[in-house]
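Raw contents of work11.cif, mmCIF, C-alpha atoms and all ligand atoms; chains and numbers go by the auth columns:
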data_entry
loop_
_atom_site.group_PDB
_atom_site.id
_atom_site.type_symbol
_atom_site.label_atom_id
_atom_site.label_comp_id
_atom_site.label_asym_id
_atom_site.label_seq_id
_atom_site.Cartn_x
_atom_site.Cartn_y
_atom_site.Cartn_z
_atom_site.B_iso_or_equiv
_atom_site.auth_seq_id
_atom_site.auth_asym_id
ATOM 1 C CA MET A 1 -162.055 -90.078 13.380 0.00 1 A
ATOM 2 C CA ARG A 2 -158.926 -90.003 11.305 0.00 2 A
ATOM 3 C CA GLY A 3 -156.305 -92.434 12.337 0.00 3 A
ATOM 4 C CA GLU A 4 -158.785 -94.438 14.382 0.00 4 A
ATOM 5 C CA ILE A 5 -160.332 -97.648 13.163 0.00 5 A
ATOM 6 C CA MET A 6 -164.114 -97.441 13.240 0.00 6 A
ATOM 7 C CA THR A 7 -165.924 -100.601 14.294 0.00 7 A
ATOM 8 C CA LYS A 8 -168.251 -101.723 11.516 0.00 8 A
ATOM 9 C CA ILE A 9 -171.543 -102.911 12.922 0.00 9 A
ATOM 10 C CA ALA A 10 -174.351 -104.983 11.406 0.00 10 A
ATOM 11 C CA VAL A 11 -177.736 -105.182 13.106 0.00 11 A
ATOM 12 C CA LEU A 12 -179.984 -108.208 12.574 0.00 12 A
ATOM 13 C CA ALA A 13 -183.658 -107.586 13.309 0.00 13 A
ATOM 14 C CA SER A 14 -186.942 -109.340 12.550 0.00 14 A
ATOM 15 C CA GLY A 15 -189.530 -106.924 13.863 0.00 15 A
ATOM 16 C CA GLU A 16 -190.253 -103.395 14.972 0.00 16 A
ATOM 17 C CA GLY A 17 -186.651 -102.336 15.228 0.00 17 A
ATOM 18 C CA THR A 18 -187.041 -99.870 18.084 0.00 18 A
ATOM 19 C CA ASN A 19 -183.737 -101.053 19.551 0.00 19 A
ATOM 20 C CA LEU A 20 -182.166 -100.598 16.139 0.00 20 A
ATOM 21 C CA GLU A 21 -183.530 -97.043 16.093 0.00 21 A
ATOM 22 C CA ALA A 22 -182.010 -96.335 19.527 0.00 22 A
ATOM 23 C CA ILE A 23 -178.653 -97.677 18.346 0.00 23 A
ATOM 24 C CA LEU A 24 -178.757 -95.608 15.143 0.00 24 A
ATOM 25 C CA GLU A 25 -179.629 -92.505 17.154 0.00 25 A
ATOM 26 C CA ALA A 26 -176.809 -93.140 19.619 0.00 26 A
ATOM 27 C CA ALA A 27 -174.358 -93.615 16.749 0.00 27 A
ATOM 28 C CA GLU A 28 -175.534 -90.402 15.076 0.00 28 A
ATOM 29 C CA ALA A 29 -175.155 -88.566 18.382 0.00 29 A
ATOM 30 C CA GLY A 30 -171.563 -89.781 18.617 0.00 30 A
ATOM 31 C CA GLU A 31 -172.275 -91.983 21.618 0.00 31 A
ATOM 32 C CA ILE A 32 -171.060 -95.046 19.718 0.00 32 A
ATOM 33 C CA SER A 33 -167.634 -94.906 18.155 0.00 33 A
ATOM 34 C CA GLY A 34 -168.644 -97.321 15.445 0.00 34 A
ATOM 35 C CA ARG A 35 -170.819 -97.219 12.342 0.00 35 A
ATOM 36 C CA VAL A 36 -173.905 -99.283 11.586 0.00 36 A
ATOM 37 C CA VAL A 37 -173.294 -100.092 7.944 0.00 37 A
ATOM 38 C CA LEU A 38 -175.729 -102.932 7.378 0.00 38 A
ATOM 39 C CA VAL A 39 -179.133 -104.053 8.643 0.00 39 A
ATOM 40 C CA ILE A 40 -180.376 -107.523 7.754 0.00 40 A
ATOM 41 C CA SER A 41 -183.814 -108.988 8.348 0.00 41 A
ATOM 42 C CA ASP A 42 -185.326 -112.402 7.738 0.00 42 A
ATOM 43 C CA ARG A 43 -188.719 -110.713 7.290 0.00 43 A
ATOM 44 C CA LYS A 44 -189.424 -108.694 4.180 0.00 44 A
ATOM 45 C CA LYS A 45 -191.884 -106.368 5.868 0.00 45 A
ATOM 46 C CA ALA A 46 -189.955 -105.821 9.094 0.00 46 A
ATOM 47 C CA PRO A 47 -190.311 -102.140 10.080 0.00 47 A
ATOM 48 C CA ALA A 48 -186.637 -102.392 11.099 0.00 48 A
ATOM 49 C CA LEU A 49 -185.688 -102.373 7.384 0.00 49 A
ATOM 50 C CA ASP A 50 -187.578 -99.102 6.807 0.00 50 A
ATOM 51 C CA ARG A 51 -186.009 -97.532 9.859 0.00 51 A
ATOM 52 C CA ALA A 52 -182.562 -98.345 8.464 0.00 52 A
ATOM 53 C CA ARG A 53 -183.385 -97.053 4.974 0.00 53 A
ATOM 54 C CA ARG A 54 -184.781 -93.816 6.378 0.00 54 A
ATOM 55 C CA ARG A 55 -181.406 -93.188 8.001 0.00 55 A
ATOM 56 C CA GLY A 56 -179.490 -94.098 4.866 0.00 56 A
ATOM 57 C CA VAL A 57 -178.193 -97.446 6.128 0.00 57 A
ATOM 58 C CA GLU A 58 -178.072 -100.391 3.729 0.00 58 A
ATOM 59 C CA ALA A 59 -181.020 -102.658 4.500 0.00 59 A
ATOM 60 C CA LEU A 60 -181.173 -106.213 3.264 0.00 60 A
ATOM 61 C CA TRP A 61 -183.963 -108.764 3.369 0.00 61 A
ATOM 62 C CA LEU A 62 -182.570 -112.300 3.402 0.00 62 A
ATOM 63 C CA ASP A 63 -185.411 -114.719 2.787 0.00 63 A
ATOM 64 C CA PRO A 64 -184.908 -117.920 4.812 0.00 64 A
ATOM 65 C CA ARG A 65 -187.483 -119.934 2.847 0.00 65 A
ATOM 66 C CA PRO A 66 -185.197 -121.277 0.097 0.00 66 A
ATOM 67 C CA TYR A 67 -182.890 -122.837 2.721 0.00 67 A
ATOM 68 C CA ARG A 68 -183.932 -126.112 4.270 0.00 68 A
ATOM 69 C CA GLU A 69 -181.252 -126.014 6.932 0.00 69 A
ATOM 70 C CA ARG A 70 -180.423 -123.264 9.337 0.00 70 A
ATOM 71 C CA ALA A 71 -176.699 -123.599 8.623 0.00 71 A
ATOM 72 C CA ALA A 72 -177.238 -123.042 4.882 0.00 72 A
ATOM 73 C CA TYR A 73 -179.034 -119.761 5.581 0.00 73 A
ATOM 74 C CA ASP A 74 -176.373 -118.736 8.072 0.00 74 A
ATOM 75 C CA ARG A 75 -173.616 -119.359 5.529 0.00 75 A
ATOM 76 C CA ILE A 76 -175.228 -116.783 3.239 0.00 76 A
ATOM 77 C CA LEU A 77 -175.624 -114.443 6.202 0.00 77 A
ATOM 78 C CA LEU A 78 -171.966 -114.925 7.079 0.00 78 A
ATOM 79 C CA GLU A 79 -170.952 -114.193 3.495 0.00 79 A
ATOM 80 C CA LYS A 80 -172.835 -110.880 3.605 0.00 80 A
ATOM 81 C CA LEU A 81 -171.238 -109.952 6.937 0.00 81 A
ATOM 82 C CA GLN A 82 -167.763 -110.777 5.715 0.00 82 A
ATOM 83 C CA GLN A 83 -168.242 -108.971 2.407 0.00 83 A
ATOM 84 C CA ALA A 84 -169.141 -105.843 4.374 0.00 84 A
ATOM 85 C CA ARG A 85 -166.158 -106.441 6.710 0.00 85 A
ATOM 86 C CA ILE A 86 -168.402 -106.392 9.767 0.00 86 A
ATOM 87 C CA ASP A 87 -166.604 -106.405 13.140 0.00 87 A
ATOM 88 C CA LEU A 88 -169.620 -106.646 15.434 0.00 88 A
ATOM 89 C CA VAL A 89 -173.004 -108.289 14.889 0.00 89 A
ATOM 90 C CA VAL A 90 -175.850 -106.898 16.988 0.00 90 A
ATOM 91 C CA LEU A 91 -179.044 -108.905 17.351 0.00 91 A
ATOM 92 C CA ALA A 92 -182.034 -106.674 17.991 0.00 92 A
ATOM 93 C CA GLY A 93 -185.179 -108.771 18.069 0.00 93 A
ATOM 94 C CA PHE A 94 -183.804 -111.256 15.529 0.00 94 A
ATOM 95 C CA MET A 95 -186.132 -114.221 15.846 0.00 95 A
ATOM 96 C CA ARG A 96 -183.858 -116.969 14.531 0.00 96 A
ATOM 97 C CA LEU A 97 -181.400 -119.144 16.386 0.00 97 A
ATOM 98 C CA LEU A 98 -177.900 -118.830 14.992 0.00 98 A
ATOM 99 C CA SER A 99 -176.013 -121.948 13.977 0.00 99 A
ATOM 100 C CA PRO A 100 -172.420 -122.742 14.981 0.00 100 A
ATOM 101 C CA VAL A 101 -171.142 -121.680 11.562 0.00 101 A
ATOM 102 C CA LEU A 102 -171.929 -118.066 12.398 0.00 102 A
ATOM 103 C CA ILE A 103 -171.193 -118.198 16.106 0.00 103 A
ATOM 104 C CA LYS A 104 -167.727 -119.667 15.583 0.00 104 A
ATOM 105 C CA ALA A 105 -166.822 -117.168 12.871 0.00 105 A
ATOM 106 C CA TYR A 106 -167.928 -114.278 15.116 0.00 106 A
ATOM 107 C CA SER A 107 -167.022 -115.692 18.515 0.00 107 A
ATOM 108 C CA ASN A 108 -167.573 -113.014 21.211 0.00 108 A
ATOM 109 C CA ARG A 109 -168.442 -110.581 18.455 0.00 109 A
ATOM 110 C CA ILE A 110 -172.207 -111.202 18.412 0.00 110 A
ATOM 111 C CA MET A 111 -174.382 -109.452 21.012 0.00 111 A
ATOM 112 C CA ASN A 112 -178.014 -109.872 21.932 0.00 112 A
ATOM 113 C CA THR A 113 -180.457 -108.076 24.188 0.00 113 A
ATOM 114 C CA HIS A 114 -182.906 -110.152 26.171 0.00 114 A
ATOM 115 C CA PRO A 115 -185.942 -108.688 27.992 0.00 115 A
ATOM 116 C CA ALA A 116 -185.316 -110.369 31.383 0.00 116 A
ATOM 117 C CA LEU A 117 -182.554 -110.680 33.937 0.00 117 A
ATOM 118 C CA LEU A 118 -180.742 -113.798 32.707 0.00 118 A
ATOM 119 C CA PRO A 119 -180.381 -116.581 33.628 0.00 119 A
ATOM 120 C CA ALA A 120 -184.026 -116.100 34.648 0.00 120 A
ATOM 121 C CA PHE A 121 -186.618 -116.443 31.916 0.00 121 A
ATOM 122 C CA PRO A 122 -184.581 -117.193 28.773 0.00 122 A
ATOM 123 C CA GLY A 123 -186.298 -117.881 25.441 0.00 123 A
ATOM 124 C CA VAL A 124 -188.966 -116.077 23.487 0.00 124 A
ATOM 125 C CA ALA A 125 -191.426 -115.480 26.342 0.00 125 A
ATOM 126 C CA GLY A 126 -189.113 -113.731 28.828 0.00 126 A
ATOM 127 C CA VAL A 127 -191.530 -110.910 29.661 0.00 127 A
ATOM 128 C CA SER A 128 -194.721 -112.948 30.053 0.00 128 A
ATOM 129 C CA GLU A 129 -192.975 -115.691 32.038 0.00 129 A
ATOM 130 C CA ALA A 130 -191.504 -113.174 34.493 0.00 130 A
ATOM 131 C CA LEU A 131 -194.947 -111.649 34.934 0.00 131 A
ATOM 132 C CA ALA A 132 -196.639 -115.029 35.375 0.00 132 A
ATOM 133 C CA TYR A 133 -193.995 -116.085 37.916 0.00 133 A
ATOM 134 C CA GLY A 134 -194.756 -113.015 39.973 0.00 134 A
ATOM 135 C CA VAL A 135 -191.253 -111.562 40.298 0.00 135 A
ATOM 136 C CA ARG A 136 -191.009 -108.045 41.721 0.00 136 A
ATOM 137 C CA VAL A 137 -188.016 -107.135 39.579 0.00 137 A
ATOM 138 C CA SER A 138 -187.214 -108.029 35.993 0.00 138 A
ATOM 139 C CA GLY A 139 -185.146 -106.122 33.452 0.00 139 A
ATOM 140 C CA CYS A 140 -182.891 -106.610 30.476 0.00 140 A
ATOM 141 C CA THR A 141 -179.609 -108.325 29.747 0.00 141 A
ATOM 142 C CA VAL A 142 -177.113 -107.586 26.999 0.00 142 A
ATOM 143 C CA HIS A 143 -174.930 -110.626 26.452 0.00 143 A
ATOM 144 C CA PHE A 144 -172.600 -112.235 23.972 0.00 144 A
ATOM 145 C CA VAL A 145 -174.155 -115.009 21.933 0.00 145 A
ATOM 146 C CA ASP A 146 -172.954 -118.566 22.280 0.00 146 A
ATOM 147 C CA GLU A 147 -174.518 -121.777 21.038 0.00 147 A
ATOM 148 C CA GLY A 148 -177.182 -121.992 23.746 0.00 148 A
ATOM 149 C CA ILE A 149 -180.418 -120.066 24.075 0.00 149 A
ATOM 150 C CA ASP A 150 -179.616 -116.793 25.870 0.00 150 A
ATOM 151 C CA THR A 151 -176.697 -118.429 27.693 0.00 151 A
ATOM 152 C CA GLY A 152 -173.654 -116.399 26.587 0.00 152 A
ATOM 153 C CA PRO A 153 -171.487 -114.190 28.854 0.00 153 A
ATOM 154 C CA VAL A 154 -173.410 -111.264 30.351 0.00 154 A
ATOM 155 C CA ILE A 155 -172.143 -107.814 29.361 0.00 155 A
ATOM 156 C CA LEU A 156 -174.596 -105.448 31.112 0.00 156 A
ATOM 157 C CA GLN A 157 -177.881 -105.760 32.966 0.00 157 A
ATOM 158 C CA GLU A 158 -180.472 -103.286 34.128 0.00 158 A
ATOM 159 C CA ALA A 159 -183.260 -103.952 36.616 0.00 159 A
ATOM 160 C CA VAL A 160 -186.832 -102.844 35.940 0.00 160 A
ATOM 161 C CA PRO A 161 -189.460 -103.101 38.715 0.00 161 A
ATOM 162 C CA VAL A 162 -192.610 -105.081 37.995 0.00 162 A
ATOM 163 C CA LEU A 163 -195.676 -103.081 39.000 0.00 163 A
ATOM 164 C CA GLN A 164 -198.812 -104.454 40.581 0.00 164 A
ATOM 165 C CA ASN A 165 -201.094 -103.845 37.600 0.00 165 A
ATOM 166 C CA ASP A 166 -198.597 -104.518 34.848 0.00 166 A
ATOM 167 C CA THR A 167 -199.690 -106.213 31.665 0.00 167 A
ATOM 168 C CA GLU A 168 -197.098 -107.897 29.469 0.00 168 A
ATOM 169 C CA GLU A 169 -197.249 -104.939 27.110 0.00 169 A
ATOM 170 C CA MET A 170 -196.735 -102.345 29.858 0.00 170 A
ATOM 171 C CA LEU A 171 -193.812 -104.209 31.390 0.00 171 A
ATOM 172 C CA HIS A 172 -192.204 -104.858 28.009 0.00 172 A
ATOM 173 C CA ARG A 173 -192.500 -101.169 27.129 0.00 173 A
ATOM 174 C CA ARG A 174 -190.565 -100.173 30.281 0.00 174 A
ATOM 175 C CA ILE A 175 -187.998 -102.920 29.712 0.00 175 A
ATOM 176 C CA LYS A 176 -187.498 -101.679 26.168 0.00 176 A
ATOM 177 C CA ALA A 177 -186.957 -98.147 27.462 0.00 177 A
ATOM 178 C CA ALA A 178 -184.124 -99.567 29.599 0.00 178 A
ATOM 179 C CA GLU A 179 -182.744 -101.496 26.612 0.00 179 A
ATOM 180 C CA TYR A 180 -182.550 -98.319 24.517 0.00 180 A
ATOM 181 C CA LEU A 181 -179.977 -96.968 26.992 0.00 181 A
ATOM 182 C CA LEU A 182 -178.211 -100.191 27.881 0.00 182 A
ATOM 183 C CA TYR A 183 -177.601 -101.610 24.406 0.00 183 A
ATOM 184 C CA PRO A 184 -175.755 -98.577 22.988 0.00 184 A
ATOM 185 C CA ARG A 185 -173.602 -98.536 26.157 0.00 185 A
ATOM 186 C CA ALA A 186 -172.623 -102.186 25.676 0.00 186 A
ATOM 187 C CA ILE A 187 -171.881 -101.573 21.997 0.00 187 A
ATOM 188 C CA GLU A 188 -169.713 -98.589 22.864 0.00 188 A
ATOM 189 C CA LEU A 189 -167.735 -100.680 25.374 0.00 189 A
ATOM 190 C CA PHE A 190 -167.080 -103.178 22.592 0.00 190 A
ATOM 191 C CA CYS A 191 -166.094 -100.451 20.121 0.00 191 A
ATOM 192 C CA ARG A 192 -163.632 -99.067 22.661 0.00 192 A
ATOM 193 C CA GLY A 193 -162.092 -102.520 23.086 0.00 193 A
ATOM 194 C CA ARG A 194 -163.056 -102.553 26.756 0.00 194 A
ATOM 195 C CA LEU A 195 -164.753 -105.975 26.915 0.00 195 A
ATOM 196 C CA ARG A 196 -162.709 -109.043 27.780 0.00 196 A
ATOM 197 C CA VAL A 197 -164.300 -112.464 28.064 0.00 197 A
ATOM 198 C CA GLU A 198 -162.835 -115.200 30.220 0.00 198 A
ATOM 199 C CA GLY A 199 -164.971 -118.302 30.393 0.00 199 A
ATOM 200 C CA ARG A 200 -168.457 -117.222 31.413 0.00 200 A
ATOM 201 C CA ARG A 201 -167.367 -113.855 32.719 0.00 201 A
ATOM 202 C CA CYS A 202 -167.134 -110.626 30.809 0.00 202 A
ATOM 203 C CA TYR A 203 -164.778 -108.064 32.330 0.00 203 A
ATOM 204 C CA ILE A 204 -165.013 -104.356 31.615 0.00 204 A
ATOM 205 C CA GLU A 205 -161.561 -102.840 31.325 0.00 205 A
ATOM 206 C CA ARG A 206 -160.842 -99.297 32.449 0.00 206 A
ATOM 207 C CA GLY A 207 -161.341 -96.692 29.710 0.00 207 A
HETATM 208 C C1 LIG B . -186.626 -106.500 22.588 0.00 301 B
HETATM 209 O O1 LIG B . -187.380 -106.370 23.755 0.00 301 B
HETATM 210 C C2 LIG B . -185.515 -107.493 22.785 0.00 301 B
HETATM 211 O O2 LIG B . -185.147 -107.660 24.114 0.00 301 B
HETATM 212 C C3 LIG B . -186.113 -108.780 22.281 0.00 301 B
HETATM 213 O O3 LIG B . -186.933 -108.410 21.220 0.00 301 B
HETATM 214 C C4 LIG B . -187.395 -107.081 21.409 0.00 301 B
HETATM 215 C C5 LIG B . -187.130 -106.362 20.125 0.00 301 B
HETATM 216 O O4 LIG B . -187.866 -105.182 20.019 0.00 301 B
HETATM 217 N N1 LIG B . -185.057 -109.711 21.935 0.00 301 B
HETATM 218 P P1 LIG B . -187.598 -104.140 18.829 0.00 301 B
HETATM 219 O O5 LIG B . -187.771 -104.891 17.516 0.00 301 B
HETATM 220 O O6 LIG B . -186.212 -103.624 18.996 0.00 301 B
HETATM 221 O O7 LIG B . -188.637 -103.083 19.002 0.00 301 B
#

As structure tokens - that is how I would like this structure written.
Amino acid sequence: MRGEIMTKIAVLASGEGTNLEAILEAAEAGEISGRVVLVISDRKKAPALDRARRRGVEALWLDPRPYRERAAYDRILLEKLQQARIDLVVLAGFMRLLSPVLIKAYSNRIMNTHPALLPAFPGVAGVSEALAYGVRVSGCTVHFVDEGIDTGPVILQEAVPVLQNDTEEMLHRRIKAAEYLLYPRAIELFCRGRLRVEGRRCYIERG
């Protein structure tokens, strides 16, 4: 990629890291014209950290316990991101709310994937609440992160049908399968400079 500036990506993950894995695979396959150079977790034993290490990506555990306030933790996080000259922050199952300090510094440069069709079912129980409500269609939403809970501009969405005998686990598994395709696509659009945000709306420019 000589002559081209590669987008430097950091992924923040608290858990399994299967979305992280899909992103790393897509990047290795050349489907993302950016490089994941840093993975950070707030949980020491997050499988996401091992997944990163196995693929030779720097993996960092940042323990939140010494910080009484969210903003204090986020300042350290921000320092790490800036030291690594990160252009895009990708949240993949990161179970902490971000404070304004981070969101302002990376305005429209932080993405998240949510396992429901926003604005329906925001928050941590998106899959079970959709199931309990009885919707016929749910899905996933990749969006930019603002200061609300799952309220930022929508980048891409994909519908996933809810089946009659679905359990939360079954539905979440199919939603995740959709996320594995959708998230790398959204990241690639960002890397190509094709996303433009105006107010609530995110426009995709022609490639
Ligand atoms: C995903 O379903 C994502 O939508 C939600 O958390 C889950 C993370 O799963 N925010 P994994 O850690 O990527 O397997």

For this session: Name the residues that the PyMOL selection byres (((not hetatm)) within 7 of (chain B and resi 301)) pulls out of this structure, and write them as an MDAnalysis selection string.
Result: chainID A and resid 13:20 48 92:94 113:115 140 172 175:176

With C-alpha atoms retained, export the selected residues as an mmCIF file, in the frame of the given file.
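Saved result, selection19.cif, follows:
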data_model
loop_
_atom_site.group_PDB
_atom_site.id
_atom_site.type_symbol
_atom_site.label_atom_id
_atom_site.label_comp_id
_atom_site.auth_asym_id
_atom_site.auth_seq_id
_atom_site.Cartn_x
_atom_site.Cartn_y
_atom_site.Cartn_z
ATOM 1 C CA ALA A 13 -183.658 -107.586 13.309
ATOM 2 C CA SER A 14 -186.942 -109.340 12.550
ATOM 3 C CA GLY A 15 -189.530 -106.924 13.863
ATOM 4 C CA GLU A 16 -190.253 -103.395 14.972
ATOM 5 C CA GLY A 17 -186.651 -102.336 15.228
ATOM 6 C CA THR A 18 -187.041 -99.870 18.084
ATOM 7 C CA ASN A 19 -183.737 -101.053 19.551
ATOM 8 C CA LEU A 20 -182.166 -100.598 16.139
ATOM 9 C CA ALA A 48 -186.637 -102.392 11.099
ATOM 10 C CA ALA A 92 -182.034 -106.674 17.991
ATOM 11 C CA GLY A 93 -185.179 -108.771 18.069
ATOM 12 C CA PHE A 94 -183.804 -111.256 15.529
ATOM 13 C CA THR A 113 -180.457 -108.076 24.188
ATOM 14 C CA HIS A 114 -182.906 -110.152 26.171
ATOM 15 C CA PRO A 115 -185.942 -108.688 27.992
ATOM 16 C CA CYS A 140 -182.891 -106.610 30.476
ATOM 17 C CA HIS A 172 -192.204 -104.858 28.009
ATOM 18 C CA ILE A 175 -187.998 -102.920 29.712
ATOM 19 C CA LYS A 176 -187.498 -101.679 26.168
#

Problem set entry | Hits from the PyMOL selection byres (((chain A and resi 158) around 8) and not hetatm), listed as a ChimeraX atom specification | /A:117,139-141,156-157,159-160,178,182

Dump C-alpha atoms for the selected residues as a tab-separated table (two decimals), in the coordinates of the input?
chain	number	residue	atom	x	y	z
A	117	LEU	CA	-182.55	-110.68	33.94
A	139	GLY	CA	-185.15	-106.12	33.45
A	140	CYS	CA	-182.89	-106.61	30.48
A	141	THR	CA	-179.61	-108.32	29.75
A	156	LEU	CA	-174.60	-105.45	31.11
A	157	GLN	CA	-177.88	-105.76	32.97
A	159	ALA	CA	-183.26	-103.95	36.62
A	160	VAL	CA	-186.83	-102.84	35.94
A	178	ALA	CA	-184.12	-99.57	29.60
A	182	LEU	CA	-178.21	-100.19	27.88

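When the distance limit is 9 Å and only C-alpha atoms are what count, the residues near Val11 in chain A, minus those fewer than 4 positions from it on the same chain, are Leu20, Val36, Val37, Leu38, Val39, Ile40, Ser41, Leu88, Val89, Val90, Leu91, Ala92 and Phe94 of chain A.
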
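The residue set within 10 Å of Val197 in chain A, counting only C-alpha atoms and dropping same-chain residues fewer than 5 places from it, reads Asn108, Phe144, Pro153, Val154, Ile155, Cys202, Tyr203 and Ile204 of chain A.
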
Can those selected residues be exported to a file as a JSON list (two decimals), in the frame of the given file so that it contains C-alpha atoms?
[["chain", "number", "residue", "atom", "x", "y", "z"],
["A", 108, "ASN", "CA", -167.57, -113.01, 21.21],
["A", 144, "PHE", "CA", -172.60, -112.24, 23.97],
["A", 153, "PRO", "CA", -171.49, -114.19, 28.85],
["A", 154, "VAL", "CA", -173.41, -111.26, 30.35],
["A", 155, "ILE", "CA", -172.14, -107.81, 29.36],
["A", 202, "CYS", "CA", -167.13, -110.63, 30.81],
["A", 203, "TYR", "CA", -164.78, -108.06, 32.33],
["A", 204, "ILE", "CA", -165.01, -104.36, 31.62]]

For this session: Apply the PyMOL selection byres (((chain A and resi 25-32) around 9) and not hetatm) to the displayed file and report the matching residues as a VMD selection string.
Result: chain A and resid 20 to 24 33 to 36 181 184 to 185 187 to 189 191 to 192

Exercise. Contacts of Leu98 in chain A at 12 Å or less, counting all atoms listed in the file, minus same-chain residues fewer than 5 places along, as number ranges by chain?
Worked result: A: 12, 69-75, 77-78, 89, 91, 103-107, 110-112, 145-150

Quick one: what's the axis-aligned box for range 64-73 of chain A, all listed atoms, 4 Å on every side, centre and edges in Å to one decimal, as lines of an AutoDock Vina configuration file?
center_x = -182.1
center_y = -122.0
center_z = 4.7
size_x = 18.8
size_y = 16.2
size_z = 17.2

Restrict the output to range 73-131 of chain A and C-alpha atoms, then write it as a compact mmCIF listing (two decimals), in the first residue's frame.
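decode-v9.txt written:
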# COMPACT_ATOMS: atom_id res chain seq x y z
CA TYR A 73 -10.05 5.47 33.15
CA ASP A 74 -10.97 6.91 29.77
CA ARG A 75 -8.13 9.43 29.96
CA ILE A 76 -5.67 6.54 30.24
CA LEU A 77 -7.46 4.78 27.40
CA LEU A 78 -7.25 7.92 25.30
CA GLU A 79 -3.54 8.24 26.04
CA LYS A 80 -2.96 4.69 24.77
CA LEU A 81 -4.98 5.36 21.62
CA GLN A 82 -3.14 8.57 20.89
CA GLN A 83 0.27 7.05 21.58
CA ALA A 84 -0.51 4.39 18.98
CA ARG A 85 -1.82 7.09 16.60
CA ILE A 86 -5.16 5.33 16.26
CA ASP A 87 -7.52 6.75 13.61
CA LEU A 88 -10.56 4.57 14.27
CA VAL A 89 -11.79 2.97 17.49
CA VAL A 90 -13.98 -0.11 17.06
CA LEU A 91 -16.08 -1.32 19.97
CA ALA A 92 -16.72 -5.05 19.77
CA GLY A 93 -18.59 -6.17 22.86
CA PHE A 94 -16.91 -3.55 25.05
CA MET A 95 -19.06 -3.49 28.16
CA ARG A 96 -18.26 0.01 29.43
CA LEU A 97 -19.93 3.29 28.64
CA LEU A 98 -17.49 5.81 27.22
CA SER A 99 -17.21 9.23 28.80
CA PRO A 100 -17.25 12.53 26.88
CA VAL A 101 -13.47 12.84 27.17
CA LEU A 102 -13.06 9.95 24.74
CA ILE A 103 -16.09 10.62 22.58
CA LYS A 104 -15.10 14.24 21.95
CA ALA A 105 -11.50 13.36 21.12
CA TYR A 106 -12.69 10.69 18.66
CA SER A 107 -15.89 12.30 17.42
CA ASN A 108 -17.37 10.19 14.57
CA ARG A 109 -14.32 7.97 14.78
CA ILE A 110 -15.71 5.44 17.27
CA MET A 111 -17.98 2.66 15.97
CA ASN A 112 -20.09 0.11 17.77
CA THR A 113 -22.13 -2.91 16.77
CA HIS A 114 -25.42 -3.50 18.51
CA PRO A 115 -27.40 -6.77 18.27
CA ALA A 116 -30.79 -5.21 17.37
CA LEU A 117 -32.25 -2.86 14.80
CA LEU A 118 -31.81 0.50 16.53
CA PRO A 119 -33.56 2.54 17.75
CA ALA A 120 -35.42 -0.59 18.91
CA PHE A 121 -34.00 -2.40 21.91
CA PRO A 122 -30.92 -0.36 22.87
CA GLY A 123 -28.84 -1.27 25.93
CA VAL A 124 -27.30 -4.49 27.14
CA ALA A 125 -30.33 -6.76 26.66
CA GLY A 126 -31.07 -6.06 22.98
CA VAL A 127 -31.48 -9.71 21.98
CA SER A 128 -33.61 -10.90 24.89
CA GLU A 129 -35.83 -7.81 24.80
CA ALA A 130 -36.53 -8.24 21.08
CA LEU A 131 -37.41 -11.87 21.70
